[in-house]
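Q: Sharing a structure, written as structure tokens. Questions coming.
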Amino acid sequence: MEASPDVNVFLFTDIEGSTSAWEKEHDRMAQAVALHDAILRSEIESRGGRVIKTTGDGVYAMFADPLEAVQAVLAFQLALADPVNTGGMPIRVRCGLHAGVAVERDGDYFGTTINRTARIMGVGHGGQVLLSASVVDLVRDSLPPELSLRELGAVRLKDLAAPEQVSQLVHPGLAHEFPPLRSLEALPNNLPQQLTSFVGRERELAEAKALLGKTRLLTLLGMGGLGKTRLSLQIGADLLDEFPDGVWFVDLAPITDASLVPNEAAQVLGVREEPGKPILQTLTAHLKSRKLLVIVDNCEHLMDACANFANTVLRAVREVRIIATSREALRVPGEQTYPVFPLPVPERDASVESLSRSDAVQLFVERAQAQKPSFALTEKDAPAIAELVARLEGIPLALELAAARIRALSLQDINKRLQNRFALLTGGGRVLMERQQTLRALVAWSYDLLTENEQLLFDRLAVFAGGFDLAAAEAVCGVEPLMPEDVLDLVASLVDKSLVMVQEADDEMRYRMLETIREYANEGLVRREEQAAGIVRHCDHFLGVAKAARDQLKGPEQAQGMRRLERDLDNLRAAIGRATGGGADPVIAVKIEVALMRFWILRGYATEGRNNVRAALDLPEVQAVPVANAHALYVGGTLAASQSDYAEARRMLAACLELRRGLGNPRDRGDTLDAGGDPAERGRRHRGAAERGRGAGHLPRAQGSHR
């Protein structure tokens, strides 16, 4: 028999007690493991299976036929029962079988099915063969008479998802009696069961667990909705065996009184308050002889209390480790921080095969299937799914909220409505905290914890498109009531609170906001009635950037100038789009185009420059300033000539020449493009553009063919 084309049976095996055996009898163990490997591979391949890879002293294999998988494991265990087959060295192997859908990538398989198979194997004992309910359903009616199944009941696995119904394979030649399974219930912990699977994050899991082996305080940093809590829980579940006194989860989200932090931890750990003693003192005394892991979740609104708790415990107790989740570091001696980012987003034109390997896509598809079982990643829907995941920037909570809409809306409808993502992405589970019910509430939770000046800078940063540097933030945002010198500390604070992301490029720090965060900040900017003024400052600053880089393009610093313009291209495009779209003085768009003319040609973006010039020339404000009109015609004609469009080049340059003749020498009158014409007239254009921008109520997106 065979499973459906999309379902395979996976096998994980592991030698019980192999570490101590290697240490005590290395040579005999080496011979025994080599024989073990040969027998196992032979039984797997002779029954149509494939060994995917070895995993320490075990293997990970795949079968298309469930019954052949069971027969292969049985034959392998029966062979191991005779010590002759392992060189006289007794070996006991635990095996786990599970059936499901997995994603194939470079000859390997990935996904929750694989993780669950490994965890089913992990709860067993040497000599025991465990089958999940999905495998039992496939083989129950076709087992030979000598084989039977013993139901062991529902078992909580370390993936924290729903319990798994597990059965044991029974055969006269196999051992029958084993200790209780190593389920989550059998180990001391209070880790909450999760109703959905843990998707992706393999790299983050491995790195965080490695860091926790070197430090006693690991703080997972990130904005709300990135999955810090879920990641911390999975780390704790994976490390249960390393902490004999347990892994304990302390959720501080409902706590508003900072003095209750140690009380909450004590309650979770079963510590009672003693008369006349601070609870923290009683707690540390209780922990002195114990080896355990404490997960302190949602520290951001109780920072000082959490820092004091962690510092006191770590100083007083040697064998306790702490994982904290927060928007910012606790700043406790010995703390190791680990930033949690959104899930990587695939290209919008990626193939179905490529999309299927994306954690972000897999998360959305799995959550959508929970709402609509027939939902699937298909060739037809692949572009819409790729667009949705990209628009939501791989933010796990946003993906889950969007998936919750799949029962009522098509993918195309969801993508259309994502223009107002805060209105669409509502309707989290009723049991979730209020701040997790909608994307807006989640961002508002972080925003409300900021100081007044942090909130002001946060809102003002909304004018930036893509990344920005500190100089840009100081110039655009450092105005009353802030000063430019205030901006550094405020930006650093927003970085610490995970509302602004930072990266180093070419020995320079660059900052950016996720688009979801930026949209929320822009709403605040509109409420403050500062949007129009912010756009004008943004356009003026990046005009200066363009002019400075233009001068570099003419000399030996050309490469540096090109890098500078490429780095700020999103903001330059935004400035041009806002100026031509009514958000600022349209003449600024012409000035930026003059500065960028050489860049457009060198970079191969002449088409974009020409489109921008045509848009500017159609504006009455540009037509009313002859010098601006002439410069726009000159840039447009030059760019047309660079693309061999000589008809348009001739027309534009002739019109430019006629205008210039009518102007005489503009410098004699101070009427140059840099001056922008009469100051009063320039002010009128700024005010008119600002009024139009204010009326629009949003930040116009950057224009051009190379967004």
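Letters for chains follow the order of the structure tokens (A, B, ...), residue numbers begin at 1 for each chain, and ligand numbers begin at 1 in the order shown.
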Applying 6 Å and only C-alpha atoms, which residues near Ile15 (chain A) remain after dropping the ones on its own chain fewer than 5 positions away? List them as a ChimeraX atom specification.

A: /A:57,92-93

Q: Neighbours of region 340-348 of chain A within 8 Å (only C-alpha atoms; same-chain residues fewer than 2 positions away dropped), as number ranges by chain?

A: A: 201, 204, 220-222, 226-228, 338, 350, 354-355, 358-360, 383, 386-387, 389-390, 393-396

Q: Write a file of the just-selected residues containing C-alpha atoms, as a JSON list (two decimals), in the first residue's frame.

A:
```json
[["chain", "number", "residue", "atom", "x", "y", "z"],
["A", 201, "ARG", "CA", 13.03, 29.41, 13.07],
["A", 204, "GLU", "CA", 17.17, 30.99, 15.60],
["A", 220, "LEU", "CA", 15.18, 37.78, 23.13],
["A", 221, "LEU", "CA", 14.65, 41.26, 21.66],
["A", 222, "GLY", "CA", 12.04, 42.40, 19.17],
["A", 226, "LEU", "CA", 7.52, 38.65, 15.95],
["A", 227, "GLY", "CA", 7.08, 35.44, 17.93],
["A", 228, "LYS", "CA", 9.52, 36.01, 20.82],
["A", 338, "TYR", "CA", 19.53, 37.99, 20.75],
["A", 350, "ALA", "CA", 9.25, 33.32, -6.78],
["A", 354, "SER", "CA", 10.69, 28.37, -3.88],
["A", 355, "LEU", "CA", 7.65, 29.68, -1.99],
["A", 358, "SER", "CA", 9.73, 29.90, 2.79],
["A", 359, "ASP", "CA", 8.95, 29.85, 6.52],
["A", 360, "ALA", "CA", 6.75, 32.93, 6.12],
["A", 383, "PRO", "CA", 1.68, 35.26, -6.91],
["A", 386, "ALA", "CA", 3.90, 35.94, -2.36],
["A", 387, "GLU", "CA", 2.49, 39.49, -2.54],
["A", 389, "VAL", "CA", 3.63, 37.72, 2.62],
["A", 390, "ALA", "CA", 5.82, 40.51, 1.22],
["A", 393, "GLU", "CA", 6.96, 41.80, 5.84],
["A", 394, "GLY", "CA", 7.11, 38.33, 7.37],
["A", 395, "ILE", "CA", 5.65, 39.50, 10.71],
["A", 396, "PRO", "CA", 4.22, 36.29, 12.22]]
```

Q: Using only C-alpha atoms, which protein or nucleic acid residues come within 9 Å of Arg272 (chain A)? Drop anything in the same chain fewer than 4 positions from it, and give the result as a PyMOL selection string.

A: chain A and resi 266-267+279+282-283

Q: Restricting the output to C-alpha atoms, write the selected residues as a compact mmCIF listing (two decimals), in the first residue's frame.

A:
```
# COMPACT_ATOMS: atom_id res chain seq x y z
CA ALA A 266 7.50 32.63 43.25
CA GLN A 267 3.94 31.53 42.57
CA ILE A 279 9.76 37.24 48.78
CA THR A 282 12.86 33.43 50.05
CA LEU A 283 12.84 32.66 46.33
```

Q: What lies within 9 Å of Val365 (chain A) using only C-alpha atoms, ignoring chain neighbours under 2 positions off, as a ChimeraX atom specification?

A: /A:360-363,367-370,375-377,385,403

Q: Could you tell me which of A:Val313, A:Met223, A:Leu174, A:Leu40 comes closest to Met501 (chain A) if we count only C-alpha atoms?

A: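 Once distances to Met501 (chain A) are computed over only C-alpha atoms, the minimum belongs to A:Met223.
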
Q: Using only C-alpha atoms, which residue out of A:Ser46, A:Ser351, A:Asn522, A:Ser642 lies closest to Leu457 (chain A)?

A: A:Asn522

Q: Run DSSP on the backbone and grab whatever in region 468-695 of chain A lands in alpha helix (DSSP H); send it over as a ChimeraX atom specification.

A: /A:470-477,484-496,515-527,531-553,558-567,569-580,586-603,606-617,620-623,626-642,646-663,666-669,679-695

Q: Mind running region 171-257 of chain A against region 306-309 of chain A at 12 Å and telling me each contacting residue's nearest atom pair with the distance in Å (one decimal), counting only C-alpha atoms, chain and number ascending, as a tab-separated table?

A:
```
residue	atom	partner	partner_atom	distance
A:Leu217	CA	A:Ala307	CA	10.6
A:Thr219	CA	A:Ala307	CA	10.9
A:Val250	CA	A:Cys306	CA	11.2
A:Asp251	CA	A:Cys306	CA	11.7
A:Leu252	CA	A:Cys306	CA	9.4
A:Ile255	CA	A:Cys306	CA	11.6
A:Asp257	CA	A:Cys306	CA	11.6
```

Q: Taking the DSSP secondary structure from the backbone, can you list the residues of region 281-488 of chain A that are strand (DSSP E or B), as a list in words?

A: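 Here is the list: Leu292, Leu293, Val294, Ile295, Val296, Asp297, Val320, Arg321, Ile322, Ile323, Ala324, Thr325, Ser326, Glu335, Gln336, Thr337, Tyr338, Pro339 and Phe468 of chain A.
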
Q: Kindly export the residues of the current selection with N, CA and C atoms, as a PDB file, in the first residue's frame.

A:
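As a result, result30.pdb now contains:
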```pdb
ATOM      1  N   LEU A 292      17.535  24.801  37.075  1.00  0.00           N
ATOM      2  CA  LEU A 292      16.318  24.986  36.290  1.00  0.00           C
ATOM      3  C   LEU A 292      16.446  26.201  35.370  1.00  0.00           C
ATOM      4  N   LEU A 293      15.476  26.307  34.472  1.00  0.00           N
ATOM      5  CA  LEU A 293      15.405  27.416  33.518  1.00  0.00           C
ATOM      6  C   LEU A 293      14.107  28.170  33.759  1.00  0.00           C
ATOM      7  N   VAL A 294      14.206  29.498  33.875  1.00  0.00           N
ATOM      8  CA  VAL A 294      13.028  30.347  34.051  1.00  0.00           C
ATOM      9  C   VAL A 294      12.866  31.223  32.808  1.00  0.00           C
ATOM     10  N   ILE A 295      11.688  31.193  32.198  1.00  0.00           N
ATOM     11  CA  ILE A 295      11.379  32.056  31.064  1.00  0.00           C
ATOM     12  C   ILE A 295      10.521  33.212  31.580  1.00  0.00           C
ATOM     13  N   VAL A 296      11.044  34.423  31.516  1.00  0.00           N
ATOM     14  CA  VAL A 296      10.316  35.606  31.983  1.00  0.00           C
ATOM     15  C   VAL A 296       9.842  36.360  30.742  1.00  0.00           C
ATOM     16  N   ASP A 297       8.556  36.306  30.504  1.00  0.00           N
ATOM     17  CA  ASP A 297       7.989  36.805  29.250  1.00  0.00           C
ATOM     18  C   ASP A 297       7.353  38.175  29.427  1.00  0.00           C
ATOM     19  N   VAL A 320      20.856  28.333  37.915  1.00  0.00           N
ATOM     20  CA  VAL A 320      19.616  28.815  37.288  1.00  0.00           C
ATOM     21  C   VAL A 320      19.964  29.644  36.062  1.00  0.00           C
ATOM     22  N   ARG A 321      19.232  29.401  34.989  1.00  0.00           N
ATOM     23  CA  ARG A 321      19.360  30.222  33.786  1.00  0.00           C
ATOM     24  C   ARG A 321      18.021  30.902  33.502  1.00  0.00           C
ATOM     25  N   ILE A 322      18.100  32.060  32.867  1.00  0.00           N
ATOM     26  CA  ILE A 322      16.897  32.855  32.595  1.00  0.00           C
ATOM     27  C   ILE A 322      16.844  33.219  31.115  1.00  0.00           C
ATOM     28  N   ILE A 323      15.676  33.034  30.513  1.00  0.00           N
ATOM     29  CA  ILE A 323      15.377  33.594  29.196  1.00  0.00           C
ATOM     30  C   ILE A 323      14.357  34.700  29.409  1.00  0.00           C
ATOM     31  N   ALA A 324      14.655  35.889  28.944  1.00  0.00           N
ATOM     32  CA  ALA A 324      13.709  37.007  29.028  1.00  0.00           C
ATOM     33  C   ALA A 324      13.282  37.398  27.619  1.00  0.00           C
ATOM     34  N   THR A 325      12.042  37.835  27.466  1.00  0.00           N
ATOM     35  CA  THR A 325      11.603  38.401  26.190  1.00  0.00           C
ATOM     36  C   THR A 325      11.207  39.848  26.440  1.00  0.00           C
ATOM     37  N   SER A 326      11.649  40.728  25.564  1.00  0.00           N
ATOM     38  CA  SER A 326      11.441  42.158  25.807  1.00  0.00           C
ATOM     39  C   SER A 326      11.679  42.934  24.528  1.00  0.00           C
ATOM     40  N   GLU A 335      24.396  39.714  30.730  1.00  0.00           N
ATOM     41  CA  GLU A 335      23.268  39.492  29.820  1.00  0.00           C
ATOM     42  C   GLU A 335      23.753  39.327  28.384  1.00  0.00           C
ATOM     43  N   GLN A 336      23.168  38.366  27.683  1.00  0.00           N
ATOM     44  CA  GLN A 336      23.403  38.177  26.252  1.00  0.00           C
ATOM     45  C   GLN A 336      22.089  38.456  25.526  1.00  0.00           C
ATOM     46  N   THR A 337      22.093  39.415  24.596  1.00  0.00           N
ATOM     47  CA  THR A 337      20.876  39.717  23.851  1.00  0.00           C
ATOM     48  C   THR A 337      20.875  38.991  22.517  1.00  0.00           C
ATOM     49  N   TYR A 338      19.683  38.661  22.044  1.00  0.00           N
ATOM     50  CA  TYR A 338      19.534  37.991  20.749  1.00  0.00           C
ATOM     51  C   TYR A 338      18.322  38.598  20.046  1.00  0.00           C
ATOM     52  N   PRO A 339      18.531  39.360  18.954  1.00  0.00           N
ATOM     53  CA  PRO A 339      17.400  39.999  18.263  1.00  0.00           C
ATOM     54  C   PRO A 339      16.576  38.988  17.470  1.00  0.00           C
ATOM     55  N   PHE A 468      17.523  55.211   6.589  1.00  0.00           N
ATOM     56  CA  PHE A 468      18.022  56.578   6.756  1.00  0.00           C
ATOM     57  C   PHE A 468      19.207  56.536   7.699  1.00  0.00           C
TER      58      PHE A 468
END
```

Q: Write out as a ChimeraX atom specification which residues come within 12 Å of His301 (chain A) when counting only C-alpha atoms, dropping same-chain ones fewer than 6 positions away.

A: /A:252-258,261,307,325-328,330,445-450,497

Q: Just C-alpha atoms for this one: save the residues we selected as a short mmCIF file (atom, residue, chain, number, x, y, z; two decimals), in the first residue's frame.

A:
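File written: out.cif
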```cif
data_model
loop_
_atom_site.label_atom_id
_atom_site.label_comp_id
_atom_site.auth_asym_id
_atom_site.auth_seq_id
_atom_site.Cartn_x
_atom_site.Cartn_y
_atom_site.Cartn_z
CA LEU A 252 4.27 39.21 33.10
CA ALA A 253 1.89 40.63 30.48
CA PRO A 254 -1.09 40.83 32.88
CA ILE A 255 1.04 42.36 35.67
CA THR A 256 0.94 46.15 36.03
CA ASP A 257 2.44 46.51 39.53
CA ALA A 258 6.24 46.24 39.29
CA VAL A 261 7.33 40.53 39.60
CA ALA A 307 16.30 43.69 35.77
CA THR A 325 11.60 38.40 26.19
CA SER A 326 11.44 42.16 25.81
CA ARG A 327 11.53 45.09 23.42
CA GLU A 328 14.80 46.21 25.00
CA LEU A 330 17.53 44.46 30.75
CA TRP A 445 1.07 48.68 23.22
CA SER A 446 4.69 49.46 22.36
CA TYR A 447 3.95 53.10 21.47
CA ASP A 448 2.18 53.82 24.75
CA LEU A 449 5.27 52.75 26.70
CA LEU A 450 7.42 55.44 25.05
CA LYS A 497 12.87 49.12 22.16
#
```

Q: Mind checking which residues fall within 9 Å of region 179-195 of chain A, counting only C-alpha atoms, ignoring those fewer than 6 positions away in the same chain, and posting them as a short mmCIF file (atom, residue, chain, number, x, y, z; two decimals) with C-alpha atoms, in the first residue's frame?

A:
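out20.cif, freshly written:
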```cif
data_model
loop_
_atom_site.label_atom_id
_atom_site.label_comp_id
_atom_site.auth_asym_id
_atom_site.auth_seq_id
_atom_site.Cartn_x
_atom_site.Cartn_y
_atom_site.Cartn_z
CA GLY A 122 12.37 11.24 21.56
CA VAL A 123 9.69 10.17 24.07
CA GLY A 124 10.49 6.47 23.57
CA HIS A 125 13.04 4.10 25.10
CA LEU A 152 -0.28 4.34 24.81
CA VAL A 155 1.28 12.20 24.74
CA ARG A 156 2.42 15.82 25.01
CA LEU A 157 5.48 16.27 22.84
CA LYS A 158 8.14 18.93 23.14
CA ASP A 159 6.82 20.81 20.12
CA LEU A 160 4.12 22.09 22.54
CA ALA A 161 1.38 21.54 19.97
CA ALA A 162 -1.66 19.31 20.47
CA PRO A 163 -0.97 15.94 22.13
CA ARG A 230 6.74 31.20 21.03
CA LEU A 233 8.80 28.37 24.81
CA GLY A 236 12.58 25.71 26.85
CA ALA A 237 10.84 22.58 25.55
CA LEU A 240 13.86 20.17 29.25
CA ASP A 241 16.22 17.22 29.59
CA PHE A 243 17.24 20.99 33.59
CA PRO A 244 16.30 18.27 36.10
CA ASP A 245 14.34 20.77 38.22
CA GLY A 246 12.30 21.96 35.30
CA VAL A 247 11.57 24.77 32.86
CA TRP A 248 9.16 27.39 34.19
CA PHE A 249 7.24 30.04 32.30
CA VAL A 268 4.98 29.73 39.38
#
```

Q: Residues near Trp22 (chain A), anyone? I mean within 12 Å using only C-alpha atoms, not counting same-chain ones fewer than 3 positions away, as a list in words.

A: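 The neighbour list is Ile15, Glu16, Gly17, Ser18, Thr19, Glu25, His26, Asp27, Arg28, Met29, Ala30, Gln31, Ala32, Val33, Asp57, Met89 and Ile91 of chain A.
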
Q: Could you write out that same residue set with N, CA and C atoms as a CSV table (one decimal), in the first residue's frame?

A:
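As written to disk, selection16.csv reads:
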```csv
chain,number,residue,atom,x,y,z
A,15,ILE,N,20.3,5.7,19.2
A,15,ILE,CA,20.8,4.7,20.1
A,15,ILE,C,20.7,5.2,21.5
A,16,GLU,N,20.0,4.5,22.4
A,16,GLU,CA,19.9,5.0,23.8
A,16,GLU,C,21.2,4.8,24.5
A,17,GLY,N,21.6,5.8,25.3
A,17,GLY,CA,22.8,5.7,26.1
A,17,GLY,C,24.1,5.7,25.3
A,18,SER,N,24.1,6.2,24.1
A,18,SER,CA,25.3,6.1,23.3
A,18,SER,C,26.5,6.9,23.8
A,19,THR,N,26.2,8.0,24.4
A,19,THR,CA,27.3,8.9,24.9
A,19,THR,C,28.2,8.2,25.9
A,25,GLU,N,33.6,2.3,26.2
A,25,GLU,CA,34.2,1.3,25.3
A,25,GLU,C,34.2,1.8,23.9
A,26,HIS,N,35.1,2.7,23.6
A,26,HIS,CA,35.1,3.4,22.3
A,26,HIS,C,35.3,2.5,21.1
A,27,ASP,N,36.2,1.6,21.2
A,27,ASP,CA,36.5,0.7,20.1
A,27,ASP,C,35.4,-0.2,19.8
A,28,ARG,N,34.9,-0.9,20.8
A,28,ARG,CA,33.7,-1.8,20.6
A,28,ARG,C,32.5,-1.0,20.1
A,29,MET,N,32.3,0.2,20.6
A,29,MET,CA,31.2,1.0,20.2
A,29,MET,C,31.3,1.4,18.7
A,30,ALA,N,32.5,1.7,18.3
A,30,ALA,CA,32.7,2.1,16.9
A,30,ALA,C,32.4,0.9,16.0
A,31,GLN,N,32.8,-0.3,16.3
A,31,GLN,CA,32.5,-1.5,15.5
A,31,GLN,C,31.0,-1.7,15.5
A,32,ALA,N,30.3,-1.6,16.7
A,32,ALA,CA,28.9,-1.9,16.8
A,32,ALA,C,28.1,-0.9,16.0
A,33,VAL,N,28.5,0.4,16.1
A,33,VAL,CA,27.7,1.4,15.4
A,33,VAL,C,27.8,1.2,13.9
A,57,ASP,N,24.0,9.1,16.3
A,57,ASP,CA,24.0,7.7,16.2
A,57,ASP,C,22.7,7.1,15.7
A,89,MET,N,28.3,-6.2,21.2
A,89,MET,CA,28.0,-5.0,22.0
A,89,MET,C,26.5,-4.8,22.0
A,91,ILE,N,23.1,-3.1,21.8
A,91,ILE,CA,22.6,-1.8,21.4
A,91,ILE,C,21.1,-1.7,21.5
```

Q: Quick one: distance from CA of Val500 (chain A) to CA of Leu456 (chain A) in Å, one decimal?

A: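 It comes out at 13.7 Å.
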
Q: Measuring between only C-alpha atoms, which one of A:Gly111, A:Gly582, A:Gly58, A:Gly88 shows the shortest distance to Glu621 (chain A)?

A: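 For Glu621 (chain A), the nearest of the candidates is A:Gly582.
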
Q: Nearest to Asn611 (chain A) among A:Arg510, A:His176, A:Arg203, A:Arg573, with distances taken over only C-alpha atoms: which residue is it?

A: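 Answer, going by the shortest atom-to-atom distance: A:Arg573.
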